[in-house]
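Asks: Below is entry-v1.txt; it holds compact mmCIF, C-alpha atoms.
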# COMPACT_ATOMS: atom_id res chain seq x y z
CA MET V 193 -5.78 13.64 28.50
CA SER V 194 -2.33 12.52 27.59
CA ARG V 195 -2.25 8.81 27.12
CA PRO V 196 0.91 6.99 28.07
CA VAL V 197 2.57 5.39 25.10
CA ASP V 198 2.69 2.07 26.84
CA ALA V 199 -1.12 1.89 26.96
CA GLU V 200 -0.84 -1.04 24.60
CA PRO V 201 -2.32 -0.09 21.23
CA ARG V 202 -5.00 -2.51 20.28
CA PRO V 203 -3.66 -4.22 17.19
CA PRO V 204 -6.27 -4.54 14.48
CA GLY V 205 -5.46 -8.25 14.42
CA LEU V 206 -4.82 -10.16 11.25
CA ARG V 207 -8.47 -10.37 10.28
CA GLY V 208 -9.14 -6.77 11.20
CA ALA V 209 -6.24 -5.45 9.17
CA THR V 210 -7.22 -7.62 6.22
CA ARG V 211 -10.75 -6.27 6.28
CA VAL V 212 -9.62 -2.67 6.68
CA LEU V 213 -7.26 -2.87 3.70
CA LEU V 214 -9.74 -4.80 1.55
CA GLU V 215 -12.44 -2.20 2.16
CA ARG V 216 -10.06 0.59 1.22
CA GLU V 217 -8.92 -1.16 -1.95
CA LEU V 218 -12.50 -1.82 -3.05
CA ASP V 219 -13.44 1.78 -2.32
CA LEU V 220 -10.49 3.01 -4.37
CA ALA V 221 -11.33 0.65 -7.23
CA TRP V 222 -14.86 2.05 -7.44
CA SER V 223 -14.01 5.68 -6.82
CA GLY V 224 -11.11 5.80 -9.25
CA GLY V 225 -13.28 6.49 -12.27
CA GLY V 226 -15.54 3.45 -11.85
CA GLY V 227 -12.86 0.88 -12.69
CA PRO V 228 -15.17 -2.16 -12.84
CA LEU V 229 -17.66 -0.44 -15.15
CA LEU V 230 -14.80 0.65 -17.38
CA ALA V 231 -13.52 -2.92 -17.68
CA CYS V 232 -17.02 -4.22 -18.46
CA GLY V 233 -17.55 -1.48 -21.02
CA PHE V 234 -14.24 -2.26 -22.67
CA PHE V 235 -15.15 -5.94 -22.73
CA ALA V 236 -18.52 -5.19 -24.34
CA CYS V 237 -16.90 -2.94 -26.96
CA LEU V 238 -14.35 -5.60 -27.90
CA THR V 239 -17.01 -8.25 -28.43
CA ALA V 240 -19.15 -5.77 -30.35
CA VAL V 241 -16.34 -4.77 -32.71
CA LEU V 242 -15.37 -8.32 -33.55
CA PRO V 243 -18.40 -9.25 -35.70
CA LEU V 244 -17.81 -6.03 -37.63
CA ALA V 245 -14.24 -7.10 -38.33
CA VAL V 246 -14.78 -10.73 -39.30
CA GLY V 247 -18.38 -10.58 -40.52
CA GLY V 248 -21.58 -11.33 -38.68
CA ASP V 249 -22.16 -14.83 -40.04
CA PRO V 250 -23.21 -17.05 -37.09
CA ARG V 251 -21.41 -19.99 -38.71
CA THR V 252 -18.05 -18.24 -38.36
CA LEU V 253 -18.75 -16.59 -35.02
CA SER V 254 -20.43 -19.35 -33.06
CA PRO V 255 -17.52 -21.83 -32.93
CA VAL V 256 -15.08 -19.16 -31.73
CA ALA V 257 -17.44 -17.34 -29.34
CA GLY V 258 -15.95 -18.94 -26.22
CA GLY V 259 -12.38 -18.31 -27.28
CA ILE V 260 -13.07 -14.71 -28.16
CA ALA V 261 -14.80 -14.14 -24.83
CA TRP V 262 -11.65 -15.36 -23.12
CA LEU V 263 -9.38 -13.16 -25.19
CA ALA V 264 -11.55 -10.16 -24.37
CA LEU V 265 -11.51 -11.15 -20.69
CA ALA V 266 -7.72 -11.20 -20.63
CA LEU V 267 -7.49 -7.79 -22.29
CA ALA V 268 -10.17 -6.22 -20.10
CA SER V 269 -8.39 -7.52 -16.99
CA LEU V 270 -5.34 -5.42 -17.89
CA LEU V 271 -7.13 -2.11 -17.71
CA SER V 272 -7.03 -1.08 -14.08
CA LEU V 273 -3.79 -2.78 -13.07
CA GLU V 274 -1.68 0.35 -13.26
CA ARG V 275 -3.38 2.07 -10.35
CA LEU V 276 -2.85 -0.93 -8.01
CA PHE V 277 0.58 0.08 -6.70
CA GLU V 278 1.69 3.07 -8.74
CA ARG V 279 -0.57 5.58 -6.97
CA ASP V 280 0.34 4.22 -3.55
CA LEU V 281 4.00 4.67 -4.43
CA GLU V 282 3.46 8.21 -5.71
CA ASP V 283 1.56 9.49 -2.69
CA GLY V 284 3.58 7.65 -0.05
CA ALA V 285 0.80 5.27 1.00
CA LEU V 286 3.03 2.32 0.14
CA ASP V 287 5.34 3.30 3.04
CA LEU V 288 2.32 3.24 5.30
CA LEU V 289 1.29 -0.19 4.03
CA ALA V 290 4.82 -1.49 4.64
CA LEU V 291 4.70 -0.42 8.30
CA GLY V 292 1.44 -2.17 9.18
CA HIS V 293 0.88 -5.34 11.16
CA LEU V 294 0.61 -7.49 8.05
CA PRO V 295 3.68 -8.43 6.02
CA LEU V 296 3.94 -7.05 2.50
CA GLU V 297 3.21 -10.50 1.10
CA SER V 298 -0.27 -10.30 2.61
CA VAL V 299 -0.72 -6.75 1.37
CA VAL V 300 -0.02 -7.92 -2.18
CA LEU V 301 -2.46 -10.83 -1.85
CA ILE V 302 -5.18 -8.59 -0.43
CA LYS V 303 -4.72 -6.21 -3.33
CA ALA V 304 -5.04 -9.13 -5.72
CA LEU V 305 -8.20 -10.25 -3.92
CA ALA V 306 -9.67 -6.76 -4.17
CA GLN V 307 -8.80 -6.68 -7.86
CA TRP V 308 -10.63 -9.97 -8.33
CA ILE V 309 -13.74 -8.76 -6.52
CA ALA V 310 -13.74 -5.34 -8.17
CA VAL V 311 -12.90 -6.37 -11.74
CA GLY V 312 -12.98 -10.16 -12.05
CA LEU V 313 -16.45 -10.57 -10.61
CA PRO V 314 -18.23 -8.01 -12.82
CA LEU V 315 -16.36 -9.37 -15.85
CA ALA V 316 -17.43 -12.93 -15.01
CA LEU V 317 -21.03 -11.71 -15.09
CA THR V 318 -20.53 -9.84 -18.37
CA ALA V 319 -18.69 -12.65 -20.12
CA PRO V 320 -21.64 -15.04 -20.60
CA VAL V 321 -23.81 -12.24 -21.98
CA ALA V 322 -21.17 -11.22 -24.50
CA ALA V 323 -20.48 -14.85 -25.45
CA LEU V 324 -24.20 -15.46 -25.94
CA ALA V 325 -24.39 -12.47 -28.23
CA LEU V 326 -21.58 -13.98 -30.30
CA GLY V 327 -23.52 -17.21 -30.65
CA LEU V 328 -22.38 -19.37 -27.74
CA PRO V 329 -24.85 -22.23 -27.06
CA PRO V 330 -27.03 -21.16 -24.08
CA ALA V 331 -26.27 -24.44 -22.30
CA LEU V 332 -22.66 -23.25 -21.85
CA VAL V 333 -23.60 -20.04 -20.05
CA PRO V 334 -23.10 -21.31 -16.47
CA LEU V 335 -19.76 -22.85 -17.37
CA THR V 336 -18.64 -19.62 -19.04
CA ALA V 337 -19.42 -17.64 -15.89
CA LEU V 338 -17.76 -20.21 -13.62
CA SER V 339 -14.59 -20.49 -15.67
CA ALA V 340 -14.39 -16.70 -16.04
CA LEU V 341 -14.71 -16.38 -12.29
CA ILE V 342 -11.86 -18.83 -11.60
CA GLY V 343 -9.77 -17.42 -14.43
CA GLY V 344 -10.40 -13.91 -13.12
CA ALA V 345 -8.64 -14.86 -9.89
CA GLY V 346 -5.64 -15.95 -11.95
CA PHE V 347 -5.70 -12.73 -13.98
CA ALA V 348 -5.89 -10.73 -10.74
CA CYS V 349 -2.91 -12.50 -9.14
CA THR V 350 -0.70 -12.38 -12.21
CA GLY V 351 -1.78 -8.83 -12.94
CA THR V 352 -0.94 -7.74 -9.42
CA LEU V 353 2.51 -9.24 -9.79
CA GLY V 354 2.98 -7.41 -13.09
CA ALA V 355 1.86 -4.15 -11.50
CA ALA V 356 4.39 -4.60 -8.70
CA LEU V 357 7.18 -5.42 -11.15
CA ALA V 358 6.46 -2.35 -13.26
CA LEU V 359 6.55 -0.03 -10.22
CA GLY V 360 8.51 3.12 -10.81
CA ALA V 361 8.94 2.49 -14.52
CA LYS V 362 8.01 5.20 -16.96
CA ARG V 363 4.85 4.38 -18.88
CA GLY V 364 4.26 1.55 -16.44
CA GLY V 365 0.82 0.77 -17.84
CA LEU V 366 2.23 -0.38 -21.17
CA LEU V 367 5.02 -2.28 -19.47
CA ILE V 368 2.47 -4.12 -17.33
CA ALA V 369 0.57 -5.20 -20.44
CA VAL V 370 3.75 -6.53 -22.08
CA VAL V 371 4.87 -8.34 -18.93
CA VAL V 372 1.51 -9.75 -18.01
CA LEU V 373 -0.14 -10.75 -21.29
CA PRO V 374 2.21 -13.68 -21.97
CA LEU V 375 1.51 -14.91 -18.44
CA PHE V 376 -2.21 -14.79 -19.24
CA ILE V 377 -1.77 -17.48 -21.89
CA PRO V 378 -2.34 -20.51 -19.60
CA PRO V 379 -5.67 -19.37 -18.16
CA VAL V 380 -6.87 -18.40 -21.62
CA VAL V 381 -5.90 -21.84 -22.95
CA PHE V 382 -7.51 -23.69 -20.06
CA GLY V 383 -10.61 -21.51 -19.91
CA ALA V 384 -11.33 -21.58 -23.61
CA GLY V 385 -10.42 -25.26 -23.56
CA ALA V 386 -13.06 -25.95 -20.92
CA LEU V 387 -15.72 -24.34 -23.10
CA GLU V 388 -14.55 -26.22 -26.16
CA ARG V 389 -14.61 -29.57 -24.37
CA ALA V 390 -18.09 -28.88 -23.01
CA ALA V 391 -19.28 -27.86 -26.49
CA SER V 392 -18.08 -31.17 -27.91
CA GLY V 393 -19.77 -33.15 -25.17
CA GLN V 394 -16.71 -33.91 -23.01
CA SER V 395 -16.32 -33.10 -19.35
CA PRO V 396 -14.77 -29.66 -18.75
CA ALA V 397 -13.50 -30.77 -15.33
CA PRO V 398 -9.82 -31.36 -16.29
CA ALA V 399 -9.53 -27.93 -17.88
CA LEU V 400 -11.16 -26.32 -14.87
CA ALA V 401 -8.75 -28.19 -12.57
CA PHE V 402 -5.80 -26.83 -14.55
CA LEU V 403 -7.33 -23.38 -14.31
CA GLY V 404 -7.60 -23.75 -10.53
CA ALA V 405 -4.02 -24.98 -10.30
CA TYR V 406 -2.88 -21.91 -12.24
CA VAL V 407 -4.70 -19.65 -9.78
CA LEU V 408 -2.98 -21.27 -6.77
CA PHE V 409 0.40 -21.10 -8.45
CA ALA V 410 -0.10 -17.48 -9.49
CA GLY V 411 -1.24 -16.57 -5.98
CA VAL V 412 1.88 -17.95 -4.32
CA ILE V 413 4.27 -16.44 -6.87
CA ALA V 414 2.47 -13.09 -6.81
CA ALA V 415 2.67 -12.84 -3.02
CA PHE V 416 6.40 -13.45 -2.74
CA ALA V 417 7.68 -11.97 -5.98
CA GLY V 418 5.26 -9.06 -5.74
CA ALA V 419 6.37 -8.20 -2.18
CA ALA V 420 10.01 -8.38 -3.25
CA ALA V 421 9.31 -6.07 -6.19
CA VAL V 422 7.53 -3.58 -3.92
CA ARG V 423 10.43 -3.55 -1.45
CA ASN V 424 12.82 -2.99 -4.31
CA ALA V 425 10.77 -0.07 -5.59
CA GLN V 426 10.67 1.51 -2.13
CA GLY V 427 14.40 1.28 -1.61
CA MET I 1450 7.80 -1.78 23.55
CA ILE I 1451 10.84 -0.06 22.07
CA HIS I 1452 13.06 1.46 24.72
CA THR I 1453 16.28 1.91 22.79
CA LEU I 1454 17.03 2.40 19.13
CA SER I 1455 20.65 1.72 18.34
CA ILE I 1456 22.33 2.23 15.03
CA SER I 1457 25.85 0.97 14.60
CA GLU I 1458 28.33 1.36 11.78
CA LEU I 1459 25.59 2.24 9.35
CA THR I 1460 26.56 2.90 5.75
CA VAL I 1461 23.98 4.00 3.23
CA SER I 1462 24.38 4.97 -0.39
CA ARG I 1463 21.96 5.89 -3.12
CA GLY I 1464 23.06 4.55 -6.47
CA GLU I 1465 26.73 5.38 -6.83
CA ARG I 1466 26.73 8.11 -4.23
CA LEU I 1467 27.82 7.35 -0.68
CA LEU I 1468 25.62 9.31 1.75
CA PHE I 1469 27.27 8.47 5.05
CA GLN I 1470 29.32 5.65 6.50
CA GLY I 1471 30.04 4.23 9.91
CA LEU I 1472 27.18 6.16 11.51
CA ASP I 1473 26.46 5.40 15.17
CA LEU I 1474 23.40 6.63 17.01
CA ARG I 1475 21.56 5.63 20.13
CA ILE I 1476 18.18 6.98 21.17
CA GLN I 1477 16.52 6.04 24.44
CA ALA I 1478 12.96 6.32 25.64
CA GLY I 1479 11.97 9.90 26.34
CA GLU I 1480 14.66 11.28 24.10
CA ALA I 1481 14.43 13.35 20.94
CA VAL I 1482 17.19 13.59 18.36
CA VAL I 1483 17.26 16.20 15.66
CA LEU I 1484 18.78 15.30 12.35
CA THR I 1485 20.34 18.18 10.46
CA GLY I 1486 22.36 18.49 7.31
CA ALA I 1487 22.29 20.05 3.89
CA ASN I 1488 19.83 18.99 1.20
CA GLY I 1489 20.92 15.61 -0.08
CA ALA I 1490 23.00 14.78 2.99
CA GLY I 1491 20.94 11.65 3.57
CA LYS I 1492 18.47 12.64 6.29
CA THR I 1493 15.51 11.06 4.57
CA SER I 1494 17.55 7.99 3.63
CA LEU I 1495 18.58 7.48 7.24
CA LEU I 1496 14.96 7.68 8.39
CA ARG I 1497 13.85 5.27 5.66
CA THR I 1498 16.64 2.88 6.57
CA ILE I 1499 15.55 2.83 10.20
CA ALA I 1500 11.96 2.26 9.09
CA GLY I 1501 13.16 -0.72 7.05
CA LEU I 1502 12.16 0.82 3.74
CA LEU I 1503 15.74 1.08 2.54
CA ARG I 1504 18.49 -1.51 2.82
CA PRO I 1505 21.78 -0.25 4.23
CA ASP I 1506 25.06 -1.23 2.56
CA ALA I 1507 26.51 -2.15 5.94
CA GLY I 1508 25.77 -1.79 9.61
CA GLU I 1509 22.83 -2.56 11.79
CA VAL I 1510 19.65 -1.03 13.13
CA ALA I 1511 18.55 -2.70 16.36
CA PHE I 1512 15.63 -2.22 18.73
CA HIS I 1513 15.74 -3.14 22.41
CA ASP I 1514 13.11 -3.15 25.13
CA GLY I 1515 13.50 -1.74 28.63
CA ASP I 1516 15.34 -4.81 29.89
CA GLY I 1517 17.84 -4.71 27.08
CA ASN I 1518 16.37 -7.64 25.20
CA PRO I 1519 16.52 -7.33 21.43
CA LEU I 1520 13.15 -6.96 19.71
CA ASP I 1521 12.19 -8.66 16.52
CA GLU I 1522 12.87 -6.13 13.75
CA ARG I 1523 9.70 -6.84 11.83
CA LEU I 1524 7.51 -6.47 14.88
CA ALA I 1525 9.33 -3.39 16.11
CA ARG I 1526 8.77 -1.72 12.75
CA GLY I 1527 5.32 -3.12 12.00
CA ARG I 1528 3.83 -2.36 15.41
CA GLU I 1529 5.84 0.35 17.08
CA THR I 1530 7.26 2.64 14.43
CA HIS I 1531 5.68 5.66 12.78
CA PHE I 1532 7.23 7.07 9.65
CA LEU I 1533 5.91 10.44 8.58
CA GLY I 1534 7.60 11.41 5.35
CA HIS I 1535 7.34 14.23 2.82
CA GLN I 1536 4.42 12.47 1.26
CA ASP I 1537 1.38 12.14 3.44
CA GLY I 1538 0.11 8.85 2.02
CA LEU I 1539 -3.39 10.27 1.67
CA LYS I 1540 -5.74 9.42 -1.18
CA ILE I 1541 -7.12 12.58 -2.72
CA SER I 1542 -10.40 10.96 -3.75
CA ARG I 1543 -11.39 9.90 -0.25
CA THR I 1544 -12.68 11.98 2.62
CA ALA I 1545 -10.47 12.98 5.52
CA ARG I 1546 -12.58 10.80 7.83
CA GLU I 1547 -12.07 7.70 5.67
CA GLU I 1548 -8.35 8.29 5.37
CA LEU I 1549 -7.75 9.01 9.05
CA GLY I 1550 -9.87 5.99 9.96
CA PHE I 1551 -7.96 3.76 7.59
CA GLN I 1552 -4.55 4.95 8.76
CA CYS I 1553 -5.42 4.47 12.43
CA ASP I 1554 -7.10 1.09 11.84
CA TRP I 1555 -4.29 -0.18 9.65
CA LEU I 1556 -1.59 0.80 12.13
CA GLY I 1557 -3.52 -0.40 15.19
CA HIS I 1558 -5.17 1.92 17.67
CA VAL I 1559 -6.69 2.20 21.10
CA GLN I 1560 -10.42 2.55 21.51
CA CYS I 1561 -10.65 6.34 21.30
CA GLY I 1562 -7.59 6.79 19.10
CA MET I 1563 -9.33 8.54 16.24
CA ASP I 1564 -11.21 10.95 18.53
CA ASP I 1565 -7.96 11.87 20.23
CA ALA I 1566 -6.39 12.54 16.84
CA VAL I 1567 -9.30 14.71 15.73
CA GLN I 1568 -9.13 16.69 18.93
CA ALA I 1569 -5.36 17.05 19.00
CA PHE I 1570 -5.04 18.50 15.50
CA GLY I 1571 -8.38 20.28 15.15
CA LEU I 1572 -9.53 17.96 12.38
CA ALA I 1573 -13.26 18.04 13.13
CA PRO I 1574 -14.18 20.64 10.46
CA LEU I 1575 -12.13 18.78 7.84
CA LEU I 1576 -13.48 15.28 8.32
CA ASP I 1577 -16.19 15.37 5.67
CA LEU I 1578 -14.05 17.04 3.02
CA GLU I 1579 -12.27 15.15 0.27
CA VAL I 1580 -8.52 15.20 0.76
CA ARG I 1581 -8.11 16.98 -2.60
CA ARG I 1582 -9.85 20.03 -1.08
CA LEU I 1583 -7.37 20.32 1.80
CA SER I 1584 -4.38 22.65 1.85
CA ALA I 1585 -0.87 21.32 2.35
CA GLY I 1586 -0.92 22.25 6.03
CA GLN I 1587 -4.31 20.63 6.56
CA ARG I 1588 -3.14 17.46 4.86
CA ARG I 1589 -0.08 17.35 7.07
CA ARG I 1590 -2.26 17.74 10.18
CA LEU I 1591 -4.48 14.94 8.93
CA ALA I 1592 -1.43 12.71 8.40
CA MET I 1593 -0.15 13.63 11.86
CA GLY I 1594 -3.43 12.38 13.23
CA ARG I 1595 -2.12 8.84 13.01
CA LEU I 1596 0.74 9.66 15.39
CA VAL I 1597 -1.86 10.33 18.07
CA GLY I 1598 -4.57 7.96 16.87
CA SER I 1599 -2.28 4.97 16.71
CA PRO I 1600 0.17 5.19 19.62
CA ARG I 1601 3.56 3.84 18.63
CA ALA I 1602 6.80 4.36 20.52
CA LEU I 1603 9.20 5.43 17.79
CA TRP I 1604 8.42 8.49 15.66
CA LEU I 1605 10.52 8.98 12.54
CA LEU I 1606 9.62 12.42 11.22
CA ASP I 1607 10.83 13.95 7.99
CA GLU I 1608 10.40 17.73 7.98
CA PRO I 1609 7.18 17.38 9.97
CA MET I 1610 6.62 21.10 10.55
CA ALA I 1611 7.34 22.38 7.05
CA PRO I 1612 3.78 23.09 5.86
CA LEU I 1613 2.35 24.05 9.26
CA ASP I 1614 1.59 27.59 10.41
CA ALA I 1615 2.79 28.96 13.75
CA ARG I 1616 -0.29 27.87 15.68
CA TRP I 1617 -0.13 24.24 14.61
CA ARG I 1618 3.64 24.13 15.01
CA ALA I 1619 3.06 24.94 18.65
CA VAL I 1620 0.36 22.28 18.90
CA PHE I 1621 2.61 19.68 17.31
CA ALA I 1622 5.50 20.64 19.57
CA ASP I 1623 3.15 20.06 22.49
CA GLN I 1624 2.25 16.62 21.13
CA MET I 1625 5.93 15.75 20.77
CA ARG I 1626 6.54 16.80 24.37
CA ARG I 1627 3.71 14.54 25.53
CA HIS I 1628 5.11 11.70 23.49
CA LEU I 1629 8.52 12.12 25.13
CA ASP I 1630 6.95 12.37 28.59
CA ALA I 1631 5.26 9.04 27.89
CA ASP I 1632 8.65 7.46 27.13
CA GLY I 1633 8.43 7.78 23.38
CA LEU I 1634 11.39 8.20 21.03
CA ILE I 1635 11.63 10.84 18.33
CA LEU I 1636 14.06 11.18 15.46
CA ALA I 1637 13.22 14.18 13.33
CA ALA I 1638 14.90 15.61 10.26
CA VAL I 1639 14.49 19.37 10.34
CA HIS I 1640 15.90 22.61 9.00
CA ASP I 1641 14.45 24.84 11.73
CA PRO I 1642 15.33 23.91 15.30
CA LEU I 1643 12.75 21.86 17.19
CA PRO I 1644 11.03 23.78 19.99
CA LEU I 1645 12.03 21.24 22.62
CA PRO I 1646 15.25 19.98 24.17
CA ALA I 1647 16.89 17.59 21.76
CA ARG I 1648 20.28 16.27 20.84
CA THR I 1649 21.50 17.11 17.37
CA LEU I 1650 23.05 14.76 14.89
CA ASP I 1651 24.58 16.58 11.96
CA LEU I 1652 24.97 14.57 8.79
CA GLY I 1653 27.09 17.35 7.36
CA GLY I 1654 26.42 18.29 3.84
CA LEU I 1655 27.41 18.50 0.27
CA THR I 1656 29.05 21.44 -1.28
So that I can check it, write out the structure of this file as structure tokens.
Replies:
Amino acid sequence: MSRPVDAEPRPPGLRGATRVLLERELDLAWSGGGGPLLACGFFACLTAVLPLAVGGDPRTLSPVAGGIAWLALALASLLSLERLFERDLEDGALDLLALGHLPLESVVLIKALAQWIAVGLPLALTAPVAALALGLPPALVPLTALSALIGGAGFACTGTLGAALALGAKRGGLLIAVVVLPLFIPPVVFGAGALERAASGQSPAPALAFLGAYVLFAGVIAAFAGAAAVRNAQG
Amino acid sequence: MIHTLSISELTVSRGERLLFQGLDLRIQAGEAVVLTGANGAGKTSLLRTIAGLLRPDAGEVAFHDGDGNPLDERLARGRETHFLGHQDGLKISRTAREELGFQCDWLGHVQCGMDDAVQAFGLAPLLDLEVRRLSAGQRRRLAMGRLVGSPRALWLLDEPMAPLDARWRAVFADQMRRHLDADGLILAAVHDPLPLPARTLDLGGLT
């Protein structure tokens, strides 16, 4: 039943390969100790601890509810970044990914996309609940979810880049946090800004537009710089 | 498809240490070359350089088709090169079926590629087990599945037989023979001689 080598292998095609890798990444995100649930749990803990630290007075909490939700979002988004590339490097899967039909740039973007779906999406659903509990006006709930969803894409792209840059470093998880948190400042500013504008009766559209622009920018940078960092770590 | 792999004037170093310089090698379809040398002589680095995972200091790795036309390096590596290293690239938390399926899908396969792989390396009883439950030899067989499941012309093998027992060494030797008969190319780093006719390239060694 020997098959000649020149029986042209059916390439998975760009869409096929994208789907195959995305499915694997999502599976790994869920199987690796329930990553999304962990991030949501961490997020809930942060917002639960805060009133204990600053006092439960609604007059102090309510004005800062949106901002705190965004801070907690940024921190919770850091949690599962370390496993994105580090494990693939350790077990040799990164070599396999480098020899596929898709360029490494696409691999990095697909990983970022999987990170967004696996972590950003559940967090975007948790964020309004936590913000409500802190005293956010109920009218702002849809905007909170929407801005957290867009911002989550930015966190995922920037986080993926940070994970690629920290490849091979000892205690990479801490390094990722130090590299990535400063880069999380713009989405936090824009996202919390959108909520603040909406709370004061202004249109949140400009802040959301800035948030979207950040996501696009982060996506492009993450793809190219991330792929370069991965190649460097392999060599 | 790749017909000739030619390496010219290749110099590779790791950090400060020069591994080899001015290395020339030419492998044609249907040919196997065995790479020998002491530990640390640069066998793995040479394989990784050919696979494009390592940048050489100087020299060139080129791929040509049967008519002598140069092939695009990215395509030659991304579509026609297998690299089987020390690490199997398997995720311990997933089942053997998921991992074999992913590897074959990701690398591109023919319709019955995965079935062929399962049959060739006796993987059927392992498919539903998590990779963490497999022994080193079983993991290696699972990783070898992609060589059969996703047909690619150039095989770069790094100590492929090390964890295998005598029975599966014979099976793998048979698969390598078939690959060569079908005009494949093999470059394998080994310590024990390969059980098939092959040229030897000795990288020498360190003292």
Asks: Which is closest to chain V among I:Ser1455, I:Thr1544, I:Thr1530, I:Gln1568, if we use only C-alpha atoms?
Replies: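 Comparing I:Ser1455, I:Thr1544, I:Thr1530, I:Gln1568 against chain V, the winner is I:Thr1530.
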Asks: Near chain V, meaning an atom within 8 Å, which residues of chain I appear when counting all atoms listed in the file? Write them as JSON, numbers by chain.
Replies: {"I": [1450, 1500, 1502, 1503, 1504, 1524, 1526, 1527, 1528, 1530, 1531, 1532, 1534, 1536, 1537, 1538, 1539, 1540, 1542, 1551, 1552, 1554, 1555, 1556, 1557, 1558, 1559, 1560, 1599, 1600, 1601, 1602, 1627, 1628, 1631, 1632, 1633]}
Asks: Using all atoms listed in the file, pick whichever of I:Arg1543, I:Arg1466, I:Arg1589, I:Arg1581 has the shortest atom-to-atom distance to Arg1618 in chain I.
Replies: I:Arg1589
Asks: Would you compute the distance between CA of Leu408 in chain V and CA of Arg1523 in chain I? Give it in Å to one decimal.
Replies: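 Between CA of Leu408 in chain V and CA of Arg1523 in chain I the gap works out to 26.7 Å.
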Asks: Counting all atoms listed in the file, figure out which residue out of I:Ala1525, I:Ala1545, I:Val1461, I:Val1482 gets nearest to Gly1508 in chain I.
Replies: I:Val1461
Asks: Looking at all atoms listed in the file, which of I:Pro1642, I:Glu1547, I:Cys1553, I:Phe1621 is the one that sits closest to Phe1570 in chain I?
Replies: I:Phe1621
Asks: Counting only C-alpha atoms, figure out which residue out of V:Thr318, V:Thr350, V:Ser392, V:Thr252 gets nearest to Phe409 in chain V.
Replies: V:Thr350
Asks: Around the point (-2.4, -9.1, -20.4) (coordinates from the file), which residues reach within 6 Å if we count all atoms listed in the file? Answer as a VMD selection string.
Replies: chain V and resid 266 to 267 270 369 372 to 373 376
Asks: Rank I:Leu1591, I:Ala1478, I:Leu1643, I:Ala1585 by their smallest atom-to-atom distance to Gly1571 in chain I, using only C-alpha atoms, and report the top residue only.
Replies: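 Nearest to Gly1571 in chain I: I:Leu1591.
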Asks: If we draw a sphere of 9 Å around (5.8, -6.3, -13.8), which residues have at least one atom in it when counting only C-alpha atoms? Please report them as JSON, numbers by chain.
Replies: {"V": [351, 352, 353, 354, 355, 356, 357, 358, 359, 364, 367, 368, 369, 370, 371, 372, 418, 421]}
Asks: Any idea what the distance is between CA of Phe402 in chain V and CA of Pro378 in chain V?
Replies: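 Separating CA of Phe402 in chain V from CA of Pro378 in chain V is a distance of 8.8 Å.
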Asks: Do you know which residues are at most 7 Å from Ala1566 in chain I counting only C-alpha atoms, after dropping those on the same chain fewer than 3 positions away, and could you put them as a ChimeraX atom specification?
Replies: /I:1562-1563,1569-1570,1594-1595,1597-1598
Asks: Based on the selection just made, write C-alpha atoms of those residues as a JSON list (two decimals), in the frame of the given file.
Replies:
[["chain", "number", "residue", "atom", "x", "y", "z"],
["I", 1562, "GLY", "CA", -7.59, 6.79, 19.10],
["I", 1563, "MET", "CA", -9.33, 8.54, 16.24],
["I", 1569, "ALA", "CA", -5.36, 17.05, 19.00],
["I", 1570, "PHE", "CA", -5.04, 18.50, 15.50],
["I", 1594, "GLY", "CA", -3.43, 12.38, 13.23],
["I", 1595, "ARG", "CA", -2.12, 8.84, 13.01],
["I", 1597, "VAL", "CA", -1.86, 10.33, 18.07],
["I", 1598, "GLY", "CA", -4.57, 7.96, 16.87]]
Asks: Could you put an axis-aligned box around every listed atom of range 1530-1537 of chain I, padded by 6 Å on each side, and send me its centre and edge lengths in Å to one decimal, as lines of an AutoDock Vina configuration file?
Replies:
center_x = 4.5
center_y = 8.4
center_z = 7.8
size_x = 18.2
size_y = 23.6
size_z = 25.2
Asks: I'd like the interatomic distance between CA of Arg1590 in chain I and CA of Leu1495 in chain I, to a tenth of an Å.
Replies: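 Going from CA of Arg1590 in chain I over to CA of Leu1495 in chain I, I get 23.4 Å.
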Asks: Tell me which protein, DNA and RNA residues are within 10 Å of Glu388 in chain V, counting only C-alpha atoms, leaving out same-chain ones fewer than 2 positions away, and put them as a ChimeraX atom specification.
Replies: /V:255-259,332,382-386,390-396,399
